[in-house]
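Step one of this worksheet: look at the structure below.
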Amino acid sequence: MTTEATTEATTEATTAVTTGTIHSWDLTTAVDGPGTRFVLFTAGCPLRCLYCHNPETRFARYGRRVTVESVVAEISRYRRFIRVAGGGVTISGGEPLLQPEFTGELLRAVKGLGLHTALDTSGLLGARASDRLLADTDLVLLDIKSWHPATYRRVTGGEVAATLAFARRLAELGKPMWIRFVLVPGLTDEWDNVEGIASFASTLDSVERVDVLPFHKMGAPKYAAIGLPFELADTPVPDAELVERVRGQFRAHGLQA
């Protein structure tokens, strides 16, 4: 057997046995990357974002074990449609980098199908993303949930430093990024908080756009369904004026928003 054949056989064998825990998948055309996307939602997340609209994806117990091979078979059913629609595959969550081997193998397999790949991540576990995993990622959707560390901690229960370090690494690699920021009145909307993210993002040459995502409550019933309190139940959704103000702050730094 040639070296090339041996490598291919090893890759196929690895793909066949690599498993991960997923919650669900969907076909969407929204903010999950360009075009129509096959979006895979992994199960399990280290953060506890107050506004999470899929709180059940925090926990592996609400997911199911699958092989990379089975997911690729599902994606392959839509391959032609996705390509015609100018889309691709986005691995979201939960947090995909909580399962780096599964995520990496899946990204590699999707690239093998000739489809565009995107990774949707908080960046908290960015250190787990190998260079090989990132080489198979065409676009990173990076959630920067707050600039002020105290606010980030209040919103997510985590620390923002790891996300910022991951963003710098992506920029150094020239990896295209879409920055995503959830706008919550009275929580993340402070002028200085937004300015911090905007100023930081403007220093990253590979940032292609910023998506300002207005807070909503569509996921509220899911909290009740799994016995969790929804702490932002009384928080208003942002009005058009506030959304435009925040988008304007990003634009003022030369960013598309």
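Each chain in the structure tokens gets a letter, A, B, ..., in the order shown, and its residues are numbered from 1; ligands are numbered from 1 in order too.
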Original post:
Near A:Ala233, within 8 Å and counting only C-alpha atoms, which residues show up once chain neighbours fewer than 3 positions away are dropped, as a PyMOL selection string?
Top reply: chain A and resi 217+220+230
Output for the residues just chosen: N, CA, C and O atoms as a compact mmCIF listing (two decimals), in the first residue's frame:
```
# COMPACT_ATOMS: atom_id res chain seq x y z
N LYS A 217 -36.60 37.08 23.50
CA LYS A 217 -37.05 36.16 24.54
C LYS A 217 -37.70 34.90 23.97
O LYS A 217 -38.42 34.19 24.68
N ALA A 220 -37.44 31.70 26.01
CA ALA A 220 -37.92 31.68 27.40
C ALA A 220 -38.67 30.40 27.77
O ALA A 220 -38.44 29.84 28.85
N PHE A 230 -35.32 31.91 34.01
CA PHE A 230 -34.89 32.81 32.93
C PHE A 230 -34.73 34.18 33.56
O PHE A 230 -35.69 34.91 33.76
```
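Summary of the local environment: counting only C-alpha atoms, residues at most 9 Å from A:Pro96, other than itself and those fewer than 5 positions away along its chain, are Phe41, Thr42, Ala43, Gly44, Cys45, Ile91, Phe102, Thr103, Leu119, Asp120 and Thr121 of chain A.
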**OP:** Run DSSP on the backbone and grab whatever in stretch 6-175 of chain A lands in strand (DSSP E or B); send it over as number ranges by chain.
**Re:** A: 19-28, 37-42, 64-67, 88-92, 116-121, 139-143
Restricting the output to C-alpha atoms, write the selected residues as a PDB file, in the first residue's frame.
```pdb
ATOM      1  CA  THR A  19     -17.974  10.340  18.040  1.00  0.00           C
ATOM      2  CA  GLY A  20     -19.455  13.440  19.570  1.00  0.00           C
ATOM      3  CA  THR A  21     -22.574  14.602  21.368  1.00  0.00           C
ATOM      4  CA  ILE A  22     -24.981  16.730  19.376  1.00  0.00           C
ATOM      5  CA  HIS A  23     -28.306  18.311  20.171  1.00  0.00           C
ATOM      6  CA  SER A  24     -29.782  18.764  16.708  1.00  0.00           C
ATOM      7  CA  TRP A  25     -29.250  20.194  13.255  1.00  0.00           C
ATOM      8  CA  ASP A  26     -31.135  22.575  11.001  1.00  0.00           C
ATOM      9  CA  LEU A  27     -31.030  24.192   7.563  1.00  0.00           C
ATOM     10  CA  THR A  28     -30.993  27.964   8.005  1.00  0.00           C
ATOM     11  CA  ARG A  37     -26.276  26.513   5.963  1.00  0.00           C
ATOM     12  CA  PHE A  38     -26.478  23.067   7.482  1.00  0.00           C
ATOM     13  CA  VAL A  39     -26.055  24.072  11.124  1.00  0.00           C
ATOM     14  CA  LEU A  40     -25.072  21.380  13.594  1.00  0.00           C
ATOM     15  CA  PHE A  41     -25.723  22.159  17.253  1.00  0.00           C
ATOM     16  CA  THR A  42     -23.362  20.323  19.581  1.00  0.00           C
ATOM     17  CA  ARG A  64     -27.169  12.123  21.586  1.00  0.00           C
ATOM     18  CA  ARG A  65     -23.963  10.401  20.587  1.00  0.00           C
ATOM     19  CA  VAL A  66     -23.228  10.267  16.874  1.00  0.00           C
ATOM     20  CA  THR A  67     -20.265   9.401  14.679  1.00  0.00           C
ATOM     21  CA  GLY A  88     -21.978  25.511   3.696  1.00  0.00           C
ATOM     22  CA  VAL A  89     -21.841  23.838   7.082  1.00  0.00           C
ATOM     23  CA  THR A  90     -21.636  25.603  10.444  1.00  0.00           C
ATOM     24  CA  ILE A  91     -20.740  23.782  13.644  1.00  0.00           C
ATOM     25  CA  SER A  92     -22.403  25.571  16.522  1.00  0.00           C
ATOM     26  CA  HIS A 116     -17.640  25.943   3.000  1.00  0.00           C
ATOM     27  CA  THR A 117     -17.056  25.475   6.740  1.00  0.00           C
ATOM     28  CA  ALA A 118     -17.777  27.763   9.677  1.00  0.00           C
ATOM     29  CA  LEU A 119     -17.136  27.423  13.401  1.00  0.00           C
ATOM     30  CA  ASP A 120     -19.447  29.246  15.803  1.00  0.00           C
ATOM     31  CA  THR A 121     -17.696  29.649  19.151  1.00  0.00           C
ATOM     32  CA  LEU A 139     -14.863  31.228   8.728  1.00  0.00           C
ATOM     33  CA  VAL A 140     -15.062  31.726  12.498  1.00  0.00           C
ATOM     34  CA  LEU A 141     -18.189  33.239  14.002  1.00  0.00           C
ATOM     35  CA  LEU A 142     -16.739  34.628  17.208  1.00  0.00           C
ATOM     36  CA  ASP A 143     -19.051  35.703  20.000  1.00  0.00           C
TER      37      ASP A 143
END
```
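Considering the residues A:Arg61, A:Leu50, A:Thr188, A:Pro55 and counting only C-alpha atoms, A:Ala225 has its shortest atom-to-atom contact with A:Pro55.
Residue nearest A:Arg83 within the list A:Pro34, A:Phe59, A:Gly157, A:Pro149: A:Pro34 [criterion: smallest interatomic distance, only C-alpha atoms].
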Which residues of stretch 189-228 of chain A come within 7 Å of stretch 168-182 of chain A, and for each one, what is the closest pair of atoms and their distance in Å to one decimal, counting only C-alpha atoms, sorted by chain and residue number, as JSON lines?
```
{"residue": "A:Leu204", "atom": "CA", "partner": "A:Ala171", "partner_atom": "CA", "distance": 5.5}
{"residue": "A:Asp205", "atom": "CA", "partner": "A:Ala171", "partner_atom": "CA", "distance": 6.1}
{"residue": "A:Ser206", "atom": "CA", "partner": "A:Pro176", "partner_atom": "CA", "distance": 4.9}
{"residue": "A:Val207", "atom": "CA", "partner": "A:Met177", "partner_atom": "CA", "distance": 4.7}
{"residue": "A:Glu208", "atom": "CA", "partner": "A:Trp178", "partner_atom": "CA", "distance": 5.8}
{"residue": "A:Arg209", "atom": "CA", "partner": "A:Trp178", "partner_atom": "CA", "distance": 5.1}
{"residue": "A:Val210", "atom": "CA", "partner": "A:Ile179", "partner_atom": "CA", "distance": 4.6}
{"residue": "A:Asp211", "atom": "CA", "partner": "A:Arg180", "partner_atom": "CA", "distance": 4.8}
{"residue": "A:Val212", "atom": "CA", "partner": "A:Phe181", "partner_atom": "CA", "distance": 5.1}
{"residue": "A:Leu213", "atom": "CA", "partner": "A:Val182", "partner_atom": "CA", "distance": 4.6}
{"residue": "A:Pro214", "atom": "CA", "partner": "A:Val182", "partner_atom": "CA", "distance": 5.8}
{"residue": "A:Phe215", "atom": "CA", "partner": "A:Val182", "partner_atom": "CA", "distance": 6.1}
```
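If you look at atom CA of A:Cys49 and atom CA of A:Gly123, they are 13.7 Å away from each other.
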Subject >> Nearest residue to A:Gln99 from the set A:Cys52, A:His148, A:Arg79, A:Thr18 (distances using only C-alpha atoms) >> reply: A:Thr18
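Residue nearest A:Ser76, chosen from A:Leu113, A:Leu133, A:Leu255, A:Leu98 and counting only C-alpha atoms: A:Leu113.
With distances taken over only C-alpha atoms, A:Gly93 is the one residue among A:Gly93, A:Pro221, A:Gly186, A:Pro238 lying closest to A:Asp32.
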Original post:
Of the residues A:Tyr152, A:Tyr51, A:Ala165, A:Glu105, which is the one nearest to A:Thr137, using only C-alpha atoms?
Top reply: A:Glu105
Original post:
What does the distance from atom CA of A:Gly35 to atom CA of A:Arg247 come to in Å, to one decimal?
Top reply: 22.3 Å
Original post:
A:Gly158: which residues within 12 Å, counting only C-alpha atoms, same-chain residues fewer than 3 positions away excluded, as number ranges by chain?
Top reply: A: 45-50, 122-125, 144-146, 148-155, 161-163
Taking N, CA, C and O atoms for each residue, export the selection above as an mmCIF file, in the first residue's frame.
```
data_model
loop_
_atom_site.group_PDB
_atom_site.id
_atom_site.type_symbol
_atom_site.label_atom_id
_atom_site.label_comp_id
_atom_site.auth_asym_id
_atom_site.auth_seq_id
_atom_site.Cartn_x
_atom_site.Cartn_y
_atom_site.Cartn_z
ATOM 1 N N CYS A 45 -21.777 23.017 27.003
ATOM 2 C CA CYS A 45 -21.168 24.349 26.940
ATOM 3 C C CYS A 45 -20.689 24.737 28.332
ATOM 4 O O CYS A 45 -21.409 24.531 29.318
ATOM 5 N N PRO A 46 -19.493 25.317 28.448
ATOM 6 C CA PRO A 46 -18.984 25.712 29.763
ATOM 7 C C PRO A 46 -19.548 27.044 30.256
ATOM 8 O O PRO A 46 -19.390 27.375 31.436
ATOM 9 N N LEU A 47 -20.180 27.813 29.364
ATOM 10 C CA LEU A 47 -20.725 29.113 29.756
ATOM 11 C C LEU A 47 -22.201 28.989 30.109
ATOM 12 O O LEU A 47 -22.877 28.029 29.726
ATOM 13 N N ARG A 48 -22.698 29.966 30.813
ATOM 14 C CA ARG A 48 -24.104 30.006 31.217
ATOM 15 C C ARG A 48 -24.673 31.381 30.875
ATOM 16 O O ARG A 48 -25.063 32.157 31.754
ATOM 17 N N CYS A 49 -24.714 31.683 29.605
ATOM 18 C CA CYS A 49 -25.157 33.005 29.149
ATOM 19 C C CYS A 49 -26.609 33.261 29.549
ATOM 20 O O CYS A 49 -27.485 32.421 29.306
ATOM 21 N N LEU A 50 -26.856 34.413 30.130
ATOM 22 C CA LEU A 50 -28.183 34.729 30.633
ATOM 23 C C LEU A 50 -29.218 34.778 29.528
ATOM 24 O O LEU A 50 -30.393 34.509 29.767
ATOM 25 N N SER A 122 -17.623 30.703 21.308
ATOM 26 C CA SER A 122 -17.406 31.816 22.230
ATOM 27 C C SER A 122 -15.930 32.167 22.321
ATOM 28 O O SER A 122 -15.570 33.226 22.833
ATOM 29 N N GLY A 123 -15.070 31.262 21.868
ATOM 30 C CA GLY A 123 -13.633 31.486 21.965
ATOM 31 C C GLY A 123 -13.053 31.169 23.324
ATOM 32 O O GLY A 123 -11.836 31.193 23.506
ATOM 33 N N LEU A 124 -13.902 30.845 24.303
ATOM 34 C CA LEU A 124 -13.410 30.543 25.643
ATOM 35 C C LEU A 124 -12.426 29.378 25.631
ATOM 36 O O LEU A 124 -11.432 29.385 26.354
ATOM 37 N N LEU A 125 -12.692 28.388 24.759
ATOM 38 C CA LEU A 125 -11.846 27.208 24.663
ATOM 39 C C LEU A 125 -11.001 27.243 23.395
ATOM 40 O O LEU A 125 -10.627 26.200 22.851
ATOM 41 N N ILE A 144 -18.203 37.757 20.946
ATOM 42 C CA ILE A 144 -17.600 38.577 22.002
ATOM 43 C C ILE A 144 -18.765 39.181 22.774
ATOM 44 O O ILE A 144 -19.395 40.138 22.321
ATOM 45 N N LYS A 145 -19.050 38.626 23.906
ATOM 46 C CA LYS A 145 -20.290 38.917 24.618
ATOM 47 C C LYS A 145 -20.241 40.188 25.451
ATOM 48 O O LYS A 145 -21.286 40.732 25.814
ATOM 49 N N SER A 146 -19.031 40.638 25.759
ATOM 50 C CA SER A 146 -18.855 41.888 26.495
ATOM 51 C C SER A 146 -17.387 42.254 26.454
ATOM 52 O O SER A 146 -16.525 41.393 26.255
ATOM 53 N N HIS A 148 -16.108 44.643 29.032
ATOM 54 C CA HIS A 148 -15.782 44.778 30.449
ATOM 55 C C HIS A 148 -15.781 43.400 31.108
ATOM 56 O O HIS A 148 -16.788 42.675 31.054
ATOM 57 N N PRO A 149 -14.685 43.003 31.742
ATOM 58 C CA PRO A 149 -14.606 41.680 32.364
ATOM 59 C C PRO A 149 -15.737 41.400 33.349
ATOM 60 O O PRO A 149 -16.262 40.288 33.396
ATOM 61 N N ALA A 150 -16.113 42.403 34.140
ATOM 62 C CA ALA A 150 -17.169 42.190 35.134
ATOM 63 C C ALA A 150 -18.501 41.917 34.458
ATOM 64 O O ALA A 150 -19.283 41.055 34.912
ATOM 65 N N THR A 151 -18.772 42.643 33.374
ATOM 66 C CA THR A 151 -20.021 42.424 32.647
ATOM 67 C C THR A 151 -20.005 41.063 31.961
ATOM 68 O O THR A 151 -21.000 40.340 31.965
ATOM 69 N N TYR A 152 -18.853 40.703 31.401
ATOM 70 C CA TYR A 152 -18.735 39.394 30.752
ATOM 71 C C TYR A 152 -19.013 38.285 31.767
ATOM 72 O O TYR A 152 -19.724 37.316 31.478
ATOM 73 N N ARG A 153 -18.458 38.459 32.969
ATOM 74 C CA ARG A 153 -18.653 37.466 34.024
ATOM 75 C C ARG A 153 -20.121 37.399 34.419
ATOM 76 O O ARG A 153 -20.677 36.311 34.634
ATOM 77 N N ARG A 154 -20.760 38.557 34.494
ATOM 78 C CA ARG A 154 -22.197 38.605 34.843
ATOM 79 C C ARG A 154 -23.031 37.941 33.759
ATOM 80 O O ARG A 154 -23.968 37.185 34.042
ATOM 81 N N VAL A 155 -22.690 38.168 32.506
ATOM 82 C CA VAL A 155 -23.479 37.649 31.387
ATOM 83 C C VAL A 155 -23.282 36.154 31.203
ATOM 84 O O VAL A 155 -24.228 35.418 30.902
ATOM 85 N N ALA A 161 -10.902 37.095 28.700
ATOM 86 C CA ALA A 161 -9.516 37.130 28.235
ATOM 87 C C ALA A 161 -9.210 36.044 27.211
ATOM 88 O O ALA A 161 -8.513 36.288 26.222
ATOM 89 N N ALA A 162 -9.737 34.839 27.424
ATOM 90 C CA ALA A 162 -9.461 33.740 26.500
ATOM 91 C C ALA A 162 -10.046 34.014 25.123
ATOM 92 O O ALA A 162 -9.442 33.674 24.099
ATOM 93 N N THR A 163 -11.207 34.637 25.084
ATOM 94 C CA THR A 163 -11.835 34.971 23.806
ATOM 95 C C THR A 163 -10.994 35.986 23.041
ATOM 96 O O THR A 163 -10.791 35.863 21.832
#
```
Subject >> Point-to-point distance in Å for atom CA of A:Thr57 and atom CA of A:Gly114 >> reply: 28.2 Å
